[in-house]
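Q: Sharing run13.cif, mmCIF, C-alpha atoms and all ligand atoms:
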data_data
#
loop_
_atom_site.label_atom_id
_atom_site.label_comp_id
_atom_site.auth_asym_id
_atom_site.auth_seq_id
_atom_site.Cartn_x
_atom_site.Cartn_y
_atom_site.Cartn_z
CA MET A 1 -4.34 8.02 13.94
CA SER A 2 -0.70 7.02 14.00
CA THR A 3 0.15 3.61 15.42
CA ALA A 4 3.85 4.49 15.85
CA GLY A 5 5.14 3.75 19.33
CA LYS A 6 2.01 1.78 20.25
CA VAL A 7 1.30 -1.93 20.51
CA ILE A 8 -0.62 -3.08 17.42
CA LYS A 9 -3.25 -5.81 17.72
CA CYS A 10 -3.54 -7.70 14.46
CA LYS A 11 -4.21 -11.03 12.80
CA ALA A 12 -1.44 -13.61 12.61
CA ALA A 13 -1.20 -17.30 11.71
CA VAL A 14 0.32 -19.02 14.74
CA LEU A 15 1.55 -22.60 14.82
CA TRP A 16 1.38 -24.02 18.34
CA GLU A 17 2.94 -27.38 17.52
CA PRO A 18 3.94 -29.38 14.43
CA LYS A 19 1.46 -31.38 12.35
CA LYS A 20 -1.43 -29.09 13.30
CA PRO A 21 -3.21 -26.43 11.25
CA PHE A 22 -2.40 -22.75 11.74
CA SER A 23 -4.74 -20.82 13.97
CA ILE A 24 -5.48 -17.27 12.94
CA VAL A 25 -5.56 -15.28 16.15
CA GLU A 26 -5.23 -11.70 17.27
CA ILE A 27 -1.69 -11.10 18.51
CA GLU A 28 0.04 -8.08 19.98
CA VAL A 29 2.98 -6.65 18.07
CA ALA A 30 5.20 -4.42 20.19
CA PRO A 31 6.70 -1.25 18.72
CA PRO A 32 10.17 -1.56 17.18
CA LYS A 33 13.09 -1.05 19.56
CA ALA A 34 16.28 0.78 18.52
CA HIS A 35 17.50 -0.36 15.07
CA GLU A 36 14.25 -2.25 14.42
CA VAL A 37 11.50 -1.64 11.90
CA ARG A 38 7.78 -2.50 12.11
CA VAL A 39 6.38 -3.58 8.76
CA LYS A 40 2.82 -4.08 7.52
CA ILE A 41 2.88 -7.19 5.33
CA LEU A 42 1.07 -6.84 2.00
CA ALA A 43 1.70 -10.28 0.47
CA THR A 44 3.53 -13.41 1.59
CA GLY A 45 4.36 -16.66 -0.19
CA ILE A 46 4.33 -20.17 1.24
CA CYS A 47 7.78 -21.82 0.98
CA GLY A 48 8.86 -25.44 1.44
CA SER A 49 10.85 -24.28 4.49
CA ASP A 50 7.63 -23.06 6.18
CA ASP A 51 6.21 -26.49 5.49
CA HIS A 52 9.21 -28.11 7.20
CA ILE A 53 7.99 -26.39 10.40
CA VAL A 54 4.48 -27.73 9.89
CA SER A 55 5.76 -31.27 9.24
CA GLY A 56 8.09 -31.08 12.25
CA SER A 57 11.24 -31.81 10.23
CA LEU A 58 12.76 -28.42 11.05
CA LYS A 59 13.51 -27.87 14.73
CA VAL A 60 12.09 -24.53 15.89
CA ASN A 61 10.70 -23.08 19.10
CA PHE A 62 6.90 -23.02 19.43
CA PRO A 63 4.56 -21.18 19.34
CA ILE A 64 5.85 -19.59 16.16
CA ILE A 65 4.75 -17.32 13.33
CA PRO A 66 6.42 -18.77 10.20
CA GLY A 67 6.60 -17.11 6.78
CA HIS A 68 9.71 -15.49 5.30
CA GLU A 69 8.95 -14.59 1.68
CA ALA A 70 7.05 -11.31 1.55
CA VAL A 71 6.61 -7.71 0.58
CA GLY A 72 5.45 -5.04 3.01
CA VAL A 73 5.42 -1.38 3.83
CA VAL A 74 7.22 0.26 6.76
CA GLU A 75 4.74 1.32 9.46
CA SER A 76 7.23 2.79 11.92
CA ILE A 77 10.93 2.73 12.77
CA GLY A 78 12.88 2.50 16.00
CA GLU A 79 15.61 4.85 17.15
CA GLY A 80 18.67 5.00 14.92
CA VAL A 81 17.14 3.42 11.81
CA THR A 82 18.36 5.18 8.68
CA CYS A 83 17.99 2.58 5.89
CA VAL A 84 14.19 2.87 5.63
CA LYS A 85 11.43 5.28 6.65
CA PRO A 86 7.67 4.89 7.21
CA GLY A 87 5.86 4.34 3.92
CA ASP A 88 8.80 2.63 2.17
CA LYS A 89 8.03 -0.57 0.30
CA VAL A 90 10.32 -3.32 1.58
CA ILE A 91 11.20 -7.00 1.43
CA PRO A 92 11.96 -8.71 4.77
CA LEU A 93 15.29 -10.57 4.64
CA CYS A 94 15.23 -14.09 6.07
CA LEU A 95 19.02 -13.91 5.89
CA PRO A 96 20.24 -10.62 7.36
CA GLN A 97 23.17 -8.60 6.04
CA CYS A 98 24.68 -6.52 8.84
CA GLY A 99 27.55 -5.44 6.59
CA LYS A 100 30.01 -5.54 9.49
CA CYS A 101 30.76 -9.19 10.27
CA ILE A 102 33.44 -11.30 8.55
CA PRO A 103 31.08 -13.20 6.16
CA CYS A 104 29.35 -9.91 5.26
CA LYS A 105 32.70 -8.30 4.46
CA ASN A 106 33.92 -11.29 2.43
CA PRO A 107 32.81 -10.92 -1.21
CA GLU A 108 32.18 -14.69 -1.36
CA GLY A 109 30.27 -14.84 1.94
CA ASN A 110 26.61 -14.22 2.72
CA LEU A 111 25.87 -16.11 5.96
CA CYS A 112 25.82 -13.00 8.14
CA LYS A 113 26.73 -13.74 11.76
CA LYS A 114 23.37 -12.29 12.80
CA ASN A 115 21.51 -15.08 10.96
CA ASP A 116 18.84 -17.18 12.61
CA PHE A 117 19.42 -20.04 10.14
CA VAL A 118 22.05 -22.15 11.85
CA GLU A 119 20.45 -22.35 15.25
CA ILE A 120 16.87 -21.18 14.86
CA LYS A 121 16.09 -19.27 18.06
CA GLY A 122 13.13 -17.25 16.82
CA LEU A 123 14.02 -14.17 18.84
CA MET A 124 15.26 -10.64 18.19
CA TYR A 125 18.96 -9.84 18.81
CA ASP A 126 18.21 -8.89 22.44
CA GLY A 127 16.75 -12.36 23.11
CA THR A 128 13.14 -11.17 23.33
CA SER A 129 10.21 -11.28 20.91
CA ARG A 130 7.97 -8.46 19.66
CA PHE A 131 5.08 -10.94 19.28
CA SER A 132 2.76 -12.08 22.06
CA TYR A 133 -0.60 -13.77 22.37
CA LYS A 134 -2.55 -13.16 25.56
CA GLY A 135 0.71 -12.29 27.29
CA LYS A 136 2.52 -15.43 26.09
CA LEU A 137 5.68 -15.05 23.99
CA VAL A 138 5.33 -16.08 20.33
CA HIS A 139 8.55 -16.81 18.39
CA SER A 140 9.59 -15.40 15.06
CA PHE A 141 11.07 -17.40 12.17
CA ILE A 142 14.45 -16.77 10.49
CA SER A 143 14.59 -13.02 11.18
CA SER A 144 11.34 -12.40 9.32
CA SER A 145 7.92 -13.94 10.32
CA THR A 146 5.56 -12.83 7.61
CA PHE A 147 2.37 -14.82 8.28
CA THR A 148 1.10 -11.82 10.20
CA GLU A 149 -0.38 -8.43 9.35
CA TYR A 150 2.51 -6.71 11.14
CA THR A 151 6.01 -7.92 11.90
CA VAL A 152 9.10 -6.39 13.50
CA LEU A 153 12.45 -6.80 11.76
CA HIS A 154 15.96 -5.77 12.67
CA GLU A 155 17.26 -3.16 10.23
CA ASP A 156 19.77 -5.77 9.01
CA SER A 157 16.80 -7.86 7.89
CA VAL A 158 14.90 -5.41 5.73
CA THR A 159 15.63 -3.79 2.40
CA LYS A 160 13.90 -1.03 0.48
CA ILE A 161 12.62 -1.90 -2.99
CA ASP A 162 11.17 -0.01 -5.97
CA PRO A 163 7.86 1.50 -4.74
CA ALA A 164 6.24 0.57 -8.06
CA ALA A 165 6.92 -3.17 -7.58
CA PRO A 166 3.63 -5.11 -7.33
CA PRO A 167 3.73 -6.89 -3.91
CA GLU A 168 2.09 -10.18 -4.86
CA LYS A 169 4.30 -10.49 -7.93
CA VAL A 170 7.75 -9.72 -6.49
CA CYS A 171 7.11 -11.71 -3.33
CA PRO A 172 9.19 -14.74 -4.53
CA ILE A 173 12.30 -12.51 -4.55
CA GLY A 174 12.07 -12.71 -0.74
CA CYS A 175 13.08 -16.39 -0.92
CA ALA A 176 12.31 -18.84 -3.76
CA PHE A 177 13.60 -16.84 -6.69
CA SER A 178 16.71 -15.42 -5.01
CA THR A 179 17.56 -18.81 -3.48
CA GLY A 180 17.17 -20.78 -6.70
CA TYR A 181 18.44 -18.27 -9.24
CA GLY A 182 21.40 -17.37 -6.99
CA ALA A 183 22.24 -21.06 -6.43
CA ALA A 184 22.79 -21.43 -10.19
CA ILE A 185 24.42 -18.08 -10.94
CA LYS A 186 26.35 -17.30 -7.76
CA SER A 187 26.91 -20.57 -5.84
CA ALA A 188 27.46 -22.97 -8.76
CA LYS A 189 28.57 -20.31 -11.26
CA VAL A 190 26.98 -22.31 -14.09
CA LYS A 191 28.91 -21.80 -17.34
CA PRO A 192 27.48 -21.28 -20.84
CA GLY A 193 27.05 -24.52 -22.76
CA SER A 194 27.10 -26.67 -19.61
CA SER A 195 24.70 -29.41 -18.51
CA CYS A 196 22.61 -29.24 -15.31
CA ALA A 197 20.24 -31.49 -13.36
CA VAL A 198 17.72 -29.99 -10.97
CA PHE A 199 16.22 -32.33 -8.36
CA GLY A 200 12.85 -30.96 -7.21
CA LEU A 201 10.75 -28.61 -9.32
CA GLY A 202 8.93 -26.55 -6.69
CA GLY A 203 9.20 -22.76 -6.48
CA VAL A 204 12.89 -22.92 -5.54
CA GLY A 205 13.83 -25.66 -8.05
CA LEU A 206 12.11 -23.87 -10.92
CA SER A 207 14.08 -20.75 -9.98
CA VAL A 208 17.27 -22.86 -10.24
CA VAL A 209 16.09 -23.89 -13.72
CA MET A 210 15.66 -20.19 -14.62
CA GLY A 211 19.13 -19.41 -13.24
CA CYS A 212 20.74 -22.26 -15.23
CA LYS A 213 19.03 -21.02 -18.38
CA ALA A 214 20.05 -17.40 -17.76
CA ALA A 215 23.65 -18.60 -17.26
CA GLY A 216 23.54 -20.20 -20.71
CA ALA A 217 23.35 -23.90 -19.81
CA SER A 218 22.61 -25.91 -22.94
CA ARG A 219 21.05 -28.88 -21.17
CA ILE A 220 18.83 -28.68 -18.09
CA ILE A 221 17.35 -31.94 -16.80
CA GLY A 222 14.39 -31.44 -14.44
CA ILE A 223 13.74 -34.26 -11.96
CA ASP A 224 10.57 -34.64 -9.90
CA ILE A 225 8.25 -37.41 -8.70
CA ASN A 226 5.28 -35.20 -9.63
CA LYS A 227 5.03 -35.10 -13.41
CA ASP A 228 2.53 -32.23 -13.22
CA LYS A 229 5.57 -30.01 -12.59
CA PHE A 230 7.12 -30.83 -15.97
CA PRO A 231 5.22 -28.49 -18.37
CA LEU A 232 6.16 -25.38 -16.38
CA ALA A 233 9.74 -26.60 -15.89
CA LYS A 234 10.04 -26.91 -19.67
CA GLU A 235 8.47 -23.49 -20.19
CA LEU A 236 11.09 -22.00 -17.86
CA GLY A 237 14.09 -23.69 -19.47
CA ALA A 238 14.28 -27.43 -18.68
CA THR A 239 15.30 -29.21 -21.88
CA GLU A 240 13.95 -32.55 -20.60
CA CYS A 241 12.23 -33.84 -17.48
CA VAL A 242 12.37 -37.25 -15.80
CA ASN A 243 10.34 -38.90 -13.08
CA PRO A 244 12.40 -41.24 -10.84
CA LEU A 245 9.26 -43.33 -10.32
CA ASP A 246 9.30 -44.30 -14.02
CA PHE A 247 12.60 -46.17 -13.64
CA LYS A 248 13.70 -49.32 -11.85
CA LYS A 249 17.31 -48.11 -11.50
CA PRO A 250 18.42 -45.27 -9.22
CA ILE A 251 17.87 -41.80 -10.66
CA ASN A 252 21.60 -40.99 -10.64
CA GLU A 253 22.18 -43.95 -12.99
CA VAL A 254 19.39 -42.62 -15.22
CA VAL A 255 21.14 -39.24 -15.37
CA LEU A 256 24.46 -40.97 -16.22
CA ASP A 257 22.71 -42.89 -19.01
CA MET A 258 21.28 -39.64 -20.35
CA THR A 259 24.75 -38.07 -20.46
CA ASP A 260 26.81 -40.88 -22.06
CA GLY A 261 28.05 -41.96 -18.65
CA GLU A 262 29.65 -38.59 -17.92
CA GLY A 263 27.09 -37.05 -15.57
CA VAL A 264 26.10 -33.40 -15.63
CA ASP A 265 28.41 -30.47 -14.98
CA TYR A 266 26.15 -29.12 -12.23
CA SER A 267 23.46 -30.74 -10.12
CA PHE A 268 21.18 -29.16 -7.55
CA GLU A 269 19.20 -30.80 -4.74
CA VAL A 270 16.14 -28.63 -4.15
CA ILE A 271 13.91 -31.03 -2.20
CA GLY A 272 15.39 -31.40 1.28
CA ARG A 273 16.02 -35.17 1.43
CA THR A 274 19.32 -36.87 2.24
CA ASP A 275 18.82 -39.66 -0.35
CA THR A 276 18.34 -37.15 -3.18
CA MET A 277 21.35 -35.15 -1.95
CA ILE A 278 23.50 -38.24 -2.53
CA ALA A 279 21.74 -39.00 -5.83
CA ALA A 280 22.38 -35.43 -7.01
CA LEU A 281 26.05 -35.70 -6.03
CA ALA A 282 26.41 -39.00 -7.89
CA SER A 283 24.68 -37.46 -10.95
CA CYS A 284 27.37 -34.88 -11.60
CA ASN A 285 30.65 -35.61 -13.37
CA LEU A 286 32.95 -37.60 -11.13
CA ASN A 287 35.90 -35.34 -11.81
CA TYR A 288 34.82 -31.75 -12.45
CA GLY A 289 31.12 -31.88 -11.52
CA THR A 290 29.67 -29.58 -8.88
CA SER A 291 26.63 -30.48 -6.79
CA VAL A 292 24.82 -27.84 -4.78
CA VAL A 293 22.62 -28.62 -1.77
CA VAL A 294 19.78 -26.11 -1.62
CA GLY A 295 17.08 -28.22 0.07
CA VAL A 296 16.78 -28.11 3.84
CA ALA A 297 17.09 -31.64 5.26
CA PRO A 298 15.33 -32.62 8.50
CA SER A 299 17.15 -31.15 11.53
CA ALA A 300 18.09 -34.54 13.00
CA SER A 301 19.24 -36.18 9.75
CA GLU A 302 22.74 -37.35 8.87
CA ILE A 303 24.33 -38.54 5.64
CA THR A 304 26.52 -41.59 5.07
CA PHE A 305 28.24 -41.82 1.70
CA SER A 306 31.24 -43.35 0.01
CA PRO A 307 34.22 -40.94 0.06
CA SER A 308 35.01 -42.15 -3.45
CA LEU A 309 32.18 -39.88 -4.61
CA LEU A 310 34.40 -36.90 -3.72
CA PHE A 311 37.86 -38.45 -4.12
CA THR A 312 37.67 -38.30 -7.90
CA GLY A 313 37.31 -34.53 -7.85
CA ARG A 314 33.65 -33.62 -7.46
CA THR A 315 32.74 -30.44 -5.58
CA TRP A 316 29.88 -30.65 -3.10
CA LYS A 317 28.61 -27.44 -1.63
CA GLY A 318 25.63 -25.86 0.05
CA SER A 319 23.88 -22.63 -0.79
CA VAL A 320 21.90 -20.39 1.53
CA PHE A 321 19.78 -17.67 -0.07
CA GLY A 322 21.48 -18.44 -3.37
CA GLY A 323 24.81 -17.19 -2.02
CA LEU A 324 23.46 -13.66 -2.47
CA LYS A 325 24.10 -10.65 -0.25
CA SER A 326 20.50 -10.16 0.79
CA LYS A 327 20.30 -6.43 1.51
CA ASP A 328 22.33 -5.47 -1.56
CA ASP A 329 21.03 -8.01 -4.06
CA VAL A 330 17.28 -8.16 -3.34
CA PRO A 331 16.56 -4.56 -4.49
CA LYS A 332 18.71 -5.19 -7.58
CA LEU A 333 16.67 -8.29 -8.45
CA VAL A 334 13.44 -6.31 -7.98
CA SER A 335 14.76 -3.65 -10.39
CA GLU A 336 15.77 -6.33 -12.89
CA PHE A 337 12.26 -7.82 -12.64
CA MET A 338 10.74 -4.38 -13.23
CA ALA A 339 13.04 -4.04 -16.27
CA LYS A 340 11.60 -7.38 -17.50
CA LYS A 341 14.96 -9.21 -17.31
CA PHE A 342 13.16 -12.30 -15.94
CA VAL A 343 9.63 -13.42 -15.17
CA LEU A 344 8.08 -14.35 -11.84
CA ASP A 345 4.43 -14.81 -12.81
CA PRO A 346 4.83 -18.52 -13.68
CA LEU A 347 6.02 -19.23 -10.14
CA ILE A 348 2.82 -17.87 -8.64
CA SER A 349 0.24 -20.60 -9.08
CA HIS A 350 -2.29 -19.33 -6.53
CA VAL A 351 -3.21 -16.08 -4.79
CA LEU A 352 -5.42 -16.55 -1.71
CA PRO A 353 -6.69 -14.29 1.07
CA PHE A 354 -4.46 -14.58 4.17
CA ASP A 355 -7.29 -16.24 6.13
CA GLN A 356 -7.05 -19.23 3.80
CA ILE A 357 -3.48 -20.07 4.82
CA ASN A 358 -4.38 -23.67 5.70
CA GLU A 359 -5.86 -24.17 2.21
CA GLY A 360 -2.58 -22.78 0.84
CA PHE A 361 -0.58 -25.43 2.70
CA GLU A 362 -3.01 -28.12 1.55
CA LEU A 363 -2.36 -27.13 -2.08
CA LEU A 364 1.39 -27.53 -1.45
CA HIS A 365 0.91 -30.94 0.22
CA LYS A 366 -1.19 -32.15 -2.71
CA GLY A 367 1.53 -31.04 -5.15
CA LYS A 368 -0.88 -28.61 -6.80
CA SER A 369 0.87 -25.31 -6.10
CA ILE A 370 4.21 -23.79 -6.98
CA ARG A 371 3.97 -20.60 -4.98
CA CYS A 372 0.74 -19.78 -3.21
CA VAL A 373 0.81 -16.09 -2.31
CA LEU A 374 -1.38 -14.93 0.57
CA VAL A 375 -2.64 -11.37 0.41
CA PHE A 376 -3.93 -9.22 3.26
P1 LIG B 401 8.26 -27.54 -2.82
O1 LIG B 401 7.65 -28.46 -1.84
O2 LIG B 401 7.41 -26.58 -3.57
O3 LIG B 401 9.09 -28.39 -3.92
C1 LIG B 401 9.70 -29.61 -3.67
C2 LIG B 401 9.58 -30.48 -4.93
O4 LIG B 401 10.30 -31.69 -4.72
C3 LIG B 401 8.14 -30.88 -5.27
O5 LIG B 401 7.85 -30.56 -6.60
C4 LIG B 401 8.11 -32.38 -5.00
O6 LIG B 401 7.22 -33.08 -5.86
C5 LIG B 401 9.55 -32.76 -5.27
N1 LIG B 401 9.98 -34.00 -4.63
C6 LIG B 401 9.65 -34.48 -3.39
N2 LIG B 401 10.25 -35.65 -3.16
C7 LIG B 401 10.99 -35.94 -4.26
C8 LIG B 401 11.85 -37.02 -4.62
N3 LIG B 401 12.07 -38.04 -3.78
N4 LIG B 401 12.44 -36.98 -5.84
C9 LIG B 401 12.22 -35.97 -6.71
N5 LIG B 401 11.41 -34.90 -6.41
C10 LIG B 401 10.82 -34.90 -5.21
O7 LIG B 401 9.41 -26.75 -2.01
P2 LIG B 401 10.23 -25.42 -2.38
O8 LIG B 401 10.55 -25.40 -3.81
O9 LIG B 401 9.55 -24.25 -1.76
O10 LIG B 401 11.55 -25.70 -1.51
C11 LIG B 401 12.43 -26.74 -1.87
C12 LIG B 401 13.49 -26.95 -0.81
O11 LIG B 401 14.32 -25.79 -0.74
C13 LIG B 401 12.93 -27.16 0.60
O12 LIG B 401 13.69 -28.14 1.28
C14 LIG B 401 13.15 -25.80 1.25
O13 LIG B 401 13.23 -25.90 2.65
C15 LIG B 401 14.46 -25.42 0.63
C16 LIG B 401 14.83 -23.97 0.74
C17 LIG B 401 16.17 -23.66 0.92
C18 LIG B 401 16.55 -22.34 1.02
C19 LIG B 401 18.00 -22.00 1.14
O14 LIG B 401 18.33 -20.84 1.39
N6 LIG B 401 18.91 -22.95 0.94
C20 LIG B 401 15.58 -21.33 0.98
N7 LIG B 401 14.28 -21.66 0.80
C21 LIG B 401 13.90 -22.95 0.67
ZN ZN B 402 26.84 -9.67 8.89
ZN ZN B 403 12.09 -20.14 1.68
#
Rewrite the structure from the file as structure tokens, please.
Ligand code: CND
Ligand code: ZN
Ligand code: ZN
A:
Amino acid sequence: MSTAGKVIKCKAAVLWEPKKPFSIVEIEVAPPKAHEVRVKILATGICGSDDHIVSGSLKVNFPIIPGHEAVGVVESIGEGVTCVKPGDKVIPLCLPQCGKCIPCKNPEGNLCKKNDFVEIKGLMYDGTSRFSYKGKLVHSFISSSTFTEYTVLHEDSVTKIDPAAPPEKVCPIGCAFSTGYGAAIKSAKVKPGSSCAVFGLGGVGLSVVMGCKAAGASRIIGIDINKDKFPLAKELGATECVNPLDFKKPINEVVLDMTDGEGVDYSFEVIGRTDTMIAALASCNLNYGTSVVVGVAPSASEITFSPSLLFTGRTWKGSVFGGLKSKDDVPKLVSEFMAKKFVLDPLISHVLPFDQINEGFELLHKGKSIRCVLVF
């Protein structure tokens, strides 16, 4: 029996407040309105950004259904949708691409005006939500919400991918891989023969390492306080790894020592801490170095730093979704993965049934997982 046009009751992991476990409850998912798409989620990864909601460092509206890195299949479409049809395999886009706004039209831009990144409202464009629990509104997260059996996305926030792509394997293209790989290739534009330092070797940081390697960097220094991350970082392209806890001096001084006082050509902060953002900046060459902020710092945080860090010529920039055009680039990356141009398997450390979402977050907190993919 077709579910199109009807409310679907399904399982979802709802967070009622920070610092509490998810509760798996039966929610109602309304049918898609005009230009919206209802998607059945097949697999979804747990990202550091989802954990920022759990820890309370990212300001969002509660109750909320987090999750933004997933693969699904279109269940039904609203009026006027032409980019996908029921049965299509898709990746939800946490960063939309409407194709019409100024950043979308600018070849260098990707922060579509329709984004829910800058001020996270957790609502559809019309200011309402398609999710409810016992009649109470439940918010969505960055245009996606994938910790649920069914979600509703605006057509700007969904892209069709190769139907042969295995959901639990290509899932990281929905966030970690695109964000990290793009940060190296597109945002930093890492050059062949250059040196790089990557602060934080989680799913996103390891994807930066892969991007630096693909761009031809000759030296890639991996930095993490959890040395268990080092073997995989080396397998994926890090030429050496250092643990800041092994040194008495600040990590940026360690990186300078490792590079004859010059610093690296490119550094990346992929943790989400203000102190490591400054350390990463100070680790790159004082004149022509570029430092890219990928990590999401706590909503209320601010940075104080000496302007001399920039005065000498450094470039300091941020990168959202790897600077990529989500709707255009995600299907291309899936095709490249299918053509074996890069690997994703090493990023997926665990696959768990959706019901074990809290165990998945525990693995992340204990530093044991890279990407834990939840399957339905
Ligand atoms: P994950 O938690 O897996 O990795 C973070 C890594 O940092 C872990 O390996 C930690 O051990 C390490 N770490 C923690 N503290 C320190 C420290 N003081 N010094 C060195 N290493 C440390 O997270 P993830 O890889 O999923 O995400 C990383 C960040 O990227 C996080 O802040 C997330 O919110 C952000 C992000 C940004 C974007 C974007 O578009 N810019 C998209 N997705 C995620
Ligand atoms: Zn746009
Ligand atoms: Zn993410």
Q: If you count all atoms listed in the file, which residues end up within 7 Å of ligand ZN 402 (chain B), as a PyMOL selection string?
A: chain A and resi 96-104+112-114
Q: Those same residues - C-alpha atoms - I'd like them written as a PDB file, in the coordinates of the input.
A:
ATOM      1  CA  PRO A  96      20.240 -10.620   7.360  1.00  0.00           C
ATOM      2  CA  GLN A  97      23.170  -8.600   6.040  1.00  0.00           C
ATOM      3  CA  CYS A  98      24.680  -6.520   8.840  1.00  0.00           C
ATOM      4  CA  GLY A  99      27.550  -5.440   6.590  1.00  0.00           C
ATOM      5  CA  LYS A 100      30.010  -5.540   9.490  1.00  0.00           C
ATOM      6  CA  CYS A 101      30.760  -9.190  10.270  1.00  0.00           C
ATOM      7  CA  ILE A 102      33.440 -11.300   8.550  1.00  0.00           C
ATOM      8  CA  PRO A 103      31.080 -13.200   6.160  1.00  0.00           C
ATOM      9  CA  CYS A 104      29.350  -9.910   5.260  1.00  0.00           C
ATOM     10  CA  CYS A 112      25.820 -13.000   8.140  1.00  0.00           C
ATOM     11  CA  LYS A 113      26.730 -13.740  11.760  1.00  0.00           C
ATOM     12  CA  LYS A 114      23.370 -12.290  12.800  1.00  0.00           C
TER      13      LYS A 114
END
Q: Rank A:Arg314, A:His52, A:Lys89, A:His139 by their smallest atom-to-atom distance to Val29 (chain A), using only C-alpha atoms, and report the top residue only.
A: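 Residue with the minimum atom-to-atom distance to Val29 (chain A): A:His139.
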Q: Using all atoms listed in the file, pick whichever of A:Pro86, A:Gly80, A:Gly295, A:Pro66 has the shortest atom-to-atom distance to Ile46 (chain A).
A: A:Pro66
Q: If I take CA of Met124 (chain A) and CA of Glu79 (chain A), how far is one from the other in Å, to one decimal?
A: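 Result for CA of Met124 (chain A) versus CA of Glu79 (chain A): 15.5 Å, one decimal.
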Q: Using only C-alpha atoms, which residues sit within 7 Å of Ile161 (chain A) once same-chain residues fewer than 3 positions away are excluded, as number ranges by chain?
A: A: 89-91, 331, 334
Q: Just checking: using all atoms listed in the file, which residue out of A:Ser55, A:Ser157, A:Ser140, A:Asn115 ends up closest to Ser326 (chain A)?
A: A:Ser157
Q: Could you list, as a CSV table (one decimal) with C-alpha atoms, in the frame of the given file, all the residues within 7 Å of ligand ZN 403 (chain B), counting all atoms listed in the file?
A:
chain,number,residue,atom,x,y,z
A,47,CYS,CA,7.8,-21.8,1.0
A,48,GLY,CA,8.9,-25.4,1.4
A,49,SER,CA,10.8,-24.3,4.5
A,50,ASP,CA,7.6,-23.1,6.2
A,68,HIS,CA,9.7,-15.5,5.3
A,69,GLU,CA,9.0,-14.6,1.7
A,175,CYS,CA,13.1,-16.4,-0.9
A,176,ALA,CA,12.3,-18.8,-3.8
Q: CA of Pro166 (chain A) to CA of Met338 (chain A): how many Å, to one decimal?
A: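 Between CA of Pro166 (chain A) and CA of Met338 (chain A) the gap works out to 9.3 Å.
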Q: Pick the closest to Arg371 (chain A) from A:Ser23, A:Ser76, A:Thr44, A:Thr3: which is it, counting only C-alpha atoms?
A: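 Among the listed residues, A:Thr44 lies closest to Arg371 (chain A).
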Q: Would you kindly return, as an NGL selection string, each protein, DNA or RNA residue with an atom no farther than 12 Å from any atom of Val209 (chain A), considering all atoms listed in the file and excluding same-chain residues fewer than 5 positions away?
A: :A and (176-177 or 179-185 or 190 or 195-204 or 214-223 or 230 or 232-241 or 266-270 or 347)
Q: Please indicate the distance in Å from atom O14 of ligand LIG 401 (chain B) to CA of Lys105 (chain A), rounded to one decimal place.
A: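 Atom O14 of ligand LIG 401 (chain B) sits 19.3 Å away from CA of Lys105 (chain A).
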Q: Could you give me, as a PyMOL selection string, the residues within 10 Å of region 354-366 of chain A, counting all atoms listed in the file and dropping anything in the same chain fewer than 5 positions from it?
A: chain A and resi 11-13+20-24+42-48+50-51+54+147-149+202+226+349+371-376
Q: Could you check the closest approach to ligand LIG 401 (chain B) for each of A:Val296, A:Val84, A:Leu93, A:Ala30 and tell me which residue wins, using all atoms listed in the file?
A: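 Looking at the shortest contact to ligand LIG 401 (chain B), the residue is A:Val296.
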Q: How big is the axis-aligned box around the listed atoms of ligand LIG 401 (chain B) once 3 Å is added on each side, and where is its centre? Give both in Å to one decimal, as AutoDock Vina command-line options.
A:
--center_x 13.1 --center_y -29.4 --center_z -2.0 --size_x 17.7 --size_y 23.2 --size_z 15.4
Q: Have a look at A:Ile271, A:Val170, A:Leu352, A:Ile41 and name the one nearest to Val152 (chain A); count only C-alpha atoms.
A: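 Checking each candidate against Val152 (chain A), we get A:Ile41 as the closest.
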Q: Only N, CA, C and O atoms, as a tab-separated table (two decimals), in the first residue's frame: that is what I want for region 293-298 of chain A.
A:
chain	number	residue	atom	x	y	z
A	293	VAL	N	39.98	26.55	8.89
A	293	VAL	CA	39.15	26.14	10.03
A	293	VAL	C	38.00	25.28	9.50
A	293	VAL	O	37.16	25.76	8.75
A	294	VAL	N	38.02	24.00	9.88
A	294	VAL	CA	36.96	23.08	9.48
A	294	VAL	C	36.10	22.74	10.70
A	294	VAL	O	34.88	22.60	10.61
A	295	GLY	N	36.74	22.61	11.86
A	295	GLY	CA	36.03	22.25	13.09
A	295	GLY	C	34.98	23.29	13.47
A	295	GLY	O	35.16	24.47	13.19
A	296	VAL	N	33.93	22.83	14.11
A	296	VAL	CA	32.85	23.72	14.54
A	296	VAL	C	33.06	24.04	16.02
A	296	VAL	O	32.92	23.16	16.88
A	297	ALA	N	33.43	25.30	16.31
A	297	ALA	CA	33.68	25.70	17.70
A	297	ALA	C	32.35	25.90	18.43
A	297	ALA	O	31.32	26.13	17.79
A	298	PRO	N	32.36	25.81	19.77
A	298	PRO	CA	31.13	26.03	20.53
A	298	PRO	C	30.46	27.35	20.14
A	298	PRO	O	31.15	28.36	19.91
